[in-house]
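Report on one structure; see the data block that follows.
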Amino acid sequence: MSDPKLVVLTGGPGAGKTAVLEMLRRLVCAHVCILPEAAGVLFTGGFTRGSNMEQVKAAQRAIYHVQRELENIAIANDQFKTIVCDRGTLDGLAYWPNHDESFFKELGISREQELARYDKVIHLRTPTLKLGYNKQNPNRTETAEQASKIDERIVNAWSGHPNRHYVNNSHDFFEKAHVALELVIKELPQCCSERALLSELAR
């Protein structure tokens, strides 16, 4: 039996990942696993969100390990053919307070190893204030300017992935979401992709 596909949905704060994943949940069947965001699991569960270098590094190390274990649990479930990840392990580079090499050294990993883990990376770009950036998510602390800088760091974090796609902003968020969903649907097993496409066409 082949391993399931791992698809990363990433992007800076306010890019629309949560909304796209909610839409996706309504389209897919039991063969698709949609993982929660590791940072959300930690921070809503009481993990300290400090601001000095050692606190930030501790949080990012924890997020990395939670992300890996969430993925490993899903991979071990033979039912899943596609696993959609709300961010991936390399997203931590965008929040890491030191140079990239120290991230890989402290975690005992390599960029090549992490890139090879995922079949597709879909990057939703963070919108400007004019195009709808907001801070409605209680875990979101960044201004529009800070969010834009994080978005660019995420671009760099996933540099080198052979199957990376950008989803640009639009005045109509549903147009942006539709592009993202189409990219995900291409990686679903046939039963789910046919169902998802029919649902999308019926809208």
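Naming scheme: A, B, ... for chains in displayed order of the structure tokens; residues 1 onward per chain; ligands 1 onward as shown.
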
Practice item. Apply DSSP to the structure's backbone, then extract all residues of chain A labelled helix (DSSP H, G or I) and return them as an MDAnalysis selection string. Key: chainID A and resid 17:25 38:44 53:75 89:94 100:107 111:117 144:157 173:185 190:201

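Omitting Gly108 (chain A) and its sequence neighbours fewer than 6 positions away, and counting only C-alpha atoms, the residues within 12 Å are A:Arg61, A:Tyr64, A:His65, A:Glu101, A:Ser102, A:Glu114.
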
Serialized selection, N, CA and C atoms, as an mmCIF file, in the first residue's frame:
```cif
data_model
loop_
_atom_site.group_PDB
_atom_site.id
_atom_site.type_symbol
_atom_site.label_atom_id
_atom_site.label_comp_id
_atom_site.auth_asym_id
_atom_site.auth_seq_id
_atom_site.Cartn_x
_atom_site.Cartn_y
_atom_site.Cartn_z
ATOM 1 N N ARG A 61 10.256 25.004 18.287
ATOM 2 C CA ARG A 61 10.667 23.597 18.394
ATOM 3 C C ARG A 61 9.463 22.722 18.730
ATOM 4 N N TYR A 64 7.182 22.344 15.710
ATOM 5 C CA TYR A 64 7.736 21.398 14.749
ATOM 6 C C TYR A 64 7.397 19.962 15.154
ATOM 7 N N HIS A 65 7.643 19.620 16.412
ATOM 8 C CA HIS A 65 7.429 18.237 16.853
ATOM 9 C C HIS A 65 5.945 17.865 16.870
ATOM 10 N N GLU A 101 20.192 28.092 9.507
ATOM 11 C CA GLU A 101 21.045 26.954 9.820
ATOM 12 C C GLU A 101 20.856 26.499 11.267
ATOM 13 N N SER A 102 20.603 27.448 12.170
ATOM 14 C CA SER A 102 20.417 27.065 13.573
ATOM 15 C C SER A 102 19.097 26.324 13.777
ATOM 16 N N GLU A 114 12.903 17.873 4.802
ATOM 17 C CA GLU A 114 11.567 18.416 5.043
ATOM 18 C C GLU A 114 10.839 18.701 3.735
#
```

Leaving out region 157-167 of chain A and any residue of its chain fewer than 4 positions from it, which residues lie within 8 Å of it when counting only C-alpha atoms, given as a short mmCIF file (atom, residue, chain, number, x, y, z; two decimals) with all heavy atoms, in the first residue's frame?
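Result file is result.cif:
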```cif
data_model
loop_
_atom_site.label_atom_id
_atom_site.label_comp_id
_atom_site.auth_asym_id
_atom_site.auth_seq_id
_atom_site.Cartn_x
_atom_site.Cartn_y
_atom_site.Cartn_z
N LEU A 90 8.31 23.36 7.68
CA LEU A 90 9.21 24.46 7.32
C LEU A 90 8.63 25.84 7.57
O LEU A 90 9.35 26.83 7.49
CB LEU A 90 9.64 24.33 5.85
CG LEU A 90 10.68 23.24 5.58
CD1 LEU A 90 10.97 23.13 4.09
CD2 LEU A 90 11.97 23.51 6.34
N ASP A 91 7.36 25.93 7.91
CA ASP A 91 6.79 27.22 8.26
C ASP A 91 7.48 27.82 9.48
O ASP A 91 7.51 29.05 9.64
CB ASP A 91 5.29 27.08 8.53
CG ASP A 91 4.48 27.11 7.25
OD1 ASP A 91 4.39 26.06 6.58
OD2 ASP A 91 3.95 28.17 6.91
N LEU A 93 10.47 28.26 10.01
CA LEU A 93 11.56 29.15 9.61
C LEU A 93 11.12 30.61 9.54
O LEU A 93 11.91 31.52 9.78
CB LEU A 93 12.10 28.74 8.24
CG LEU A 93 13.07 27.55 8.19
CD1 LEU A 93 13.32 27.16 6.75
CD2 LEU A 93 14.37 27.90 8.89
N ALA A 94 9.85 30.84 9.22
CA ALA A 94 9.34 32.20 9.10
C ALA A 94 9.24 32.90 10.45
O ALA A 94 9.19 34.14 10.51
CB ALA A 94 7.98 32.20 8.42
N LEU A 115 11.53 19.22 2.73
CA LEU A 115 10.90 19.46 1.44
C LEU A 115 10.39 18.16 0.83
O LEU A 115 9.30 18.11 0.23
CB LEU A 115 11.90 20.13 0.48
CG LEU A 115 12.27 21.58 0.75
CD1 LEU A 115 13.37 22.03 -0.20
CD2 LEU A 115 11.07 22.50 0.64
N ALA A 116 11.18 17.10 0.97
CA ALA A 116 10.82 15.82 0.37
C ALA A 116 9.62 15.17 1.05
O ALA A 116 8.99 14.28 0.49
CB ALA A 116 12.02 14.87 0.42
N ASP A 119 4.16 16.42 -0.79
CA ASP A 119 3.93 16.25 -2.23
C ASP A 119 3.58 17.57 -2.92
O ASP A 119 3.89 17.75 -4.09
CB ASP A 119 2.79 15.24 -2.46
CG ASP A 119 3.18 13.85 -1.98
OD1 ASP A 119 3.80 13.11 -2.76
OD2 ASP A 119 2.87 13.50 -0.82
N LYS A 120 2.92 18.46 -2.22
CA LYS A 120 2.53 19.74 -2.81
C LYS A 120 2.47 20.79 -1.73
O LYS A 120 2.05 20.51 -0.60
CB LYS A 120 1.17 19.63 -3.52
CG LYS A 120 0.66 20.94 -4.10
CD LYS A 120 -0.71 20.78 -4.77
CE LYS A 120 -0.58 20.43 -6.23
NZ LYS A 120 -1.89 20.44 -6.94
N VAL A 121 2.87 22.01 -2.08
CA VAL A 121 2.78 23.16 -1.18
C VAL A 121 1.95 24.24 -1.86
O VAL A 121 2.28 24.69 -2.96
CB VAL A 121 4.18 23.72 -0.83
CG1 VAL A 121 4.05 24.97 0.06
CG2 VAL A 121 5.02 22.66 -0.14
N ILE A 122 0.86 24.62 -1.22
CA ILE A 122 -0.04 25.64 -1.74
C ILE A 122 0.05 26.86 -0.83
O ILE A 122 -0.28 26.78 0.36
CB ILE A 122 -1.49 25.13 -1.81
CG1 ILE A 122 -1.57 23.87 -2.67
CG2 ILE A 122 -2.43 26.22 -2.33
CD1 ILE A 122 -2.88 23.12 -2.55
N HIS A 123 0.54 27.95 -1.37
CA HIS A 123 0.80 29.15 -0.57
C HIS A 123 -0.24 30.22 -0.88
O HIS A 123 -0.24 30.82 -1.95
CB HIS A 123 2.21 29.67 -0.88
CG HIS A 123 2.62 30.84 -0.06
ND1 HIS A 123 3.93 31.07 0.29
CD2 HIS A 123 1.92 31.87 0.50
CE1 HIS A 123 4.01 32.18 1.01
NE2 HIS A 123 2.80 32.68 1.14
N LEU A 124 -1.13 30.48 0.09
CA LEU A 124 -2.08 31.58 -0.02
C LEU A 124 -1.38 32.86 0.44
O LEU A 124 -0.87 32.92 1.56
CB LEU A 124 -3.31 31.34 0.86
CG LEU A 124 -4.42 30.44 0.30
CD1 LEU A 124 -3.92 29.01 0.13
CD2 LEU A 124 -5.63 30.46 1.22
N ARG A 125 -1.32 33.85 -0.42
CA ARG A 125 -0.63 35.09 -0.09
C ARG A 125 -1.45 35.93 0.89
O ARG A 125 -2.67 35.98 0.81
CB ARG A 125 -0.33 35.91 -1.33
CG ARG A 125 0.53 35.21 -2.39
CD ARG A 125 1.83 34.60 -1.85
NE ARG A 125 2.69 35.55 -1.16
CZ ARG A 125 3.73 36.18 -1.72
NH1 ARG A 125 4.01 35.94 -2.99
NH2 ARG A 125 4.48 36.99 -1.02
N ARG A 153 8.74 35.62 4.36
CA ARG A 153 9.64 34.64 4.97
C ARG A 153 9.16 33.21 4.69
O ARG A 153 9.98 32.29 4.55
CB ARG A 153 9.77 34.90 6.47
CG ARG A 153 10.55 36.16 6.79
CD ARG A 153 11.08 36.17 8.22
NE ARG A 153 10.03 36.32 9.21
CZ ARG A 153 9.62 37.50 9.69
NH1 ARG A 153 10.16 38.63 9.24
NH2 ARG A 153 8.66 37.56 10.60
N LYS A 176 -10.40 33.55 -4.73
CA LYS A 176 -9.13 33.06 -4.20
C LYS A 176 -9.30 31.66 -3.63
O LYS A 176 -8.48 30.76 -3.88
CB LYS A 176 -8.62 34.02 -3.12
CG LYS A 176 -7.31 33.60 -2.47
CD LYS A 176 -6.90 34.61 -1.40
CE LYS A 176 -5.57 34.24 -0.76
NZ LYS A 176 -5.17 35.23 0.29
N VAL A 179 -9.57 28.92 -6.31
CA VAL A 179 -8.27 28.55 -6.90
C VAL A 179 -7.53 27.59 -5.96
O VAL A 179 -6.97 26.57 -6.40
CB VAL A 179 -7.41 29.81 -7.15
CG1 VAL A 179 -6.00 29.41 -7.59
CG2 VAL A 179 -8.06 30.68 -8.21
N ALA A 180 -7.53 27.90 -4.66
CA ALA A 180 -6.86 27.03 -3.68
C ALA A 180 -7.50 25.66 -3.64
O ALA A 180 -6.80 24.62 -3.61
CB ALA A 180 -6.89 27.69 -2.31
#
```

**Study point:** Expected answer as an NGL selection string: strand (DSSP E) residues in region 35-163 of chain A
**Key:** :A and (82-86 or 120-124)

Point to revise | Pairwise distance for CA of Val32 (chain A) and CA of Val8 (chain A), rounded to one decimal in Å | key: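 Spanning CA of Val32 (chain A) to CA of Val8 (chain A) is a straight-line distance of 13.2 Å.
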
Skipping near chain neighbours, those fewer than 3 positions away, what residues fall within 8 Å of region 185-193 of chain A using only C-alpha atoms, listed as an mmCIF file with C-alpha atoms, in the first residue's frame?
```cif
data_model
loop_
_atom_site.group_PDB
_atom_site.id
_atom_site.type_symbol
_atom_site.label_atom_id
_atom_site.label_comp_id
_atom_site.auth_asym_id
_atom_site.auth_seq_id
_atom_site.Cartn_x
_atom_site.Cartn_y
_atom_site.Cartn_z
ATOM 1 C CA LYS A 5 -0.003 12.256 -0.152
ATOM 2 C CA VAL A 7 -0.350 18.533 0.939
ATOM 3 C CA LEU A 27 -16.281 18.582 0.049
ATOM 4 C CA VAL A 28 -14.238 15.522 0.984
ATOM 5 C CA CYS A 29 -15.004 12.056 2.278
ATOM 6 C CA HIS A 31 -10.291 9.165 2.754
ATOM 7 C CA VAL A 32 -8.986 12.691 3.334
ATOM 8 C CA LYS A 81 -5.131 8.646 1.002
ATOM 9 C CA THR A 82 -4.447 12.385 1.228
ATOM 10 C CA LEU A 181 -9.517 24.326 -3.588
ATOM 11 C CA GLU A 182 -8.854 23.348 -7.199
ATOM 12 C CA ALA A 196 -15.486 17.634 -4.561
ATOM 13 C CA LEU A 197 -15.588 18.741 -8.191
#
```

Exercise for review: Can you pull out every residue within 9 Å of Leu70 (chain A), counting only C-alpha atoms, but drop anything in the same chain fewer than 4 positions away, and send it as an NGL selection string?
Suggested key: :A and (35-36 or 38 or 65-66 or 74-75)

Got time to write the residues from that selection, C-alpha atoms, as an mmCIF file, in the first residue's frame?
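Once everything was written out, this is out21.cif:
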```
data_model
loop_
_atom_site.group_PDB
_atom_site.id
_atom_site.type_symbol
_atom_site.label_atom_id
_atom_site.label_comp_id
_atom_site.auth_asym_id
_atom_site.auth_seq_id
_atom_site.Cartn_x
_atom_site.Cartn_y
_atom_site.Cartn_z
ATOM 1 C CA LEU A 35 -4.937 18.314 10.196
ATOM 2 C CA PRO A 36 -5.238 21.195 12.661
ATOM 3 C CA ALA A 38 0.101 22.741 15.321
ATOM 4 C CA HIS A 65 7.429 18.237 16.853
ATOM 5 C CA VAL A 66 3.649 18.522 17.214
ATOM 6 C CA ALA A 74 -2.488 10.406 10.123
ATOM 7 C CA ILE A 75 0.048 8.504 7.977
#
```

Exercise for review: Go through A:Leu24, A:Val84, A:Leu183, A:Ala62 one by one, measure the shortest atom-to-atom distance of each to Val41 (chain A) using only C-alpha atoms, and give the residue with the smallest value.
Suggested key: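 Smallest distance to Val41 (chain A) is found for A:Ala62.
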
Point to revise | Spatial neighbours of Ala59 (chain A), 12 Å, only C-alpha atoms, chain gap at least 5 places, as a ChimeraX atom specification | key: /A:38-43,46-54,64-66,92,95-97

**Study point:** Point-to-point distance in Å for CA of Glu22 (chain A) and CA of Ser2 (chain A)
**Key:** 27.1 Å

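Put simply, CA of Asp151 (chain A) is 7.4 Å away from CA of Pro13 (chain A).
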
Check your understanding: Which of these residues is nearest to Glu152 (chain A), using only C-alpha atoms: A:Cys33, A:Lys105, A:Gly11, A:Gln60?
Key -> A:Gly11
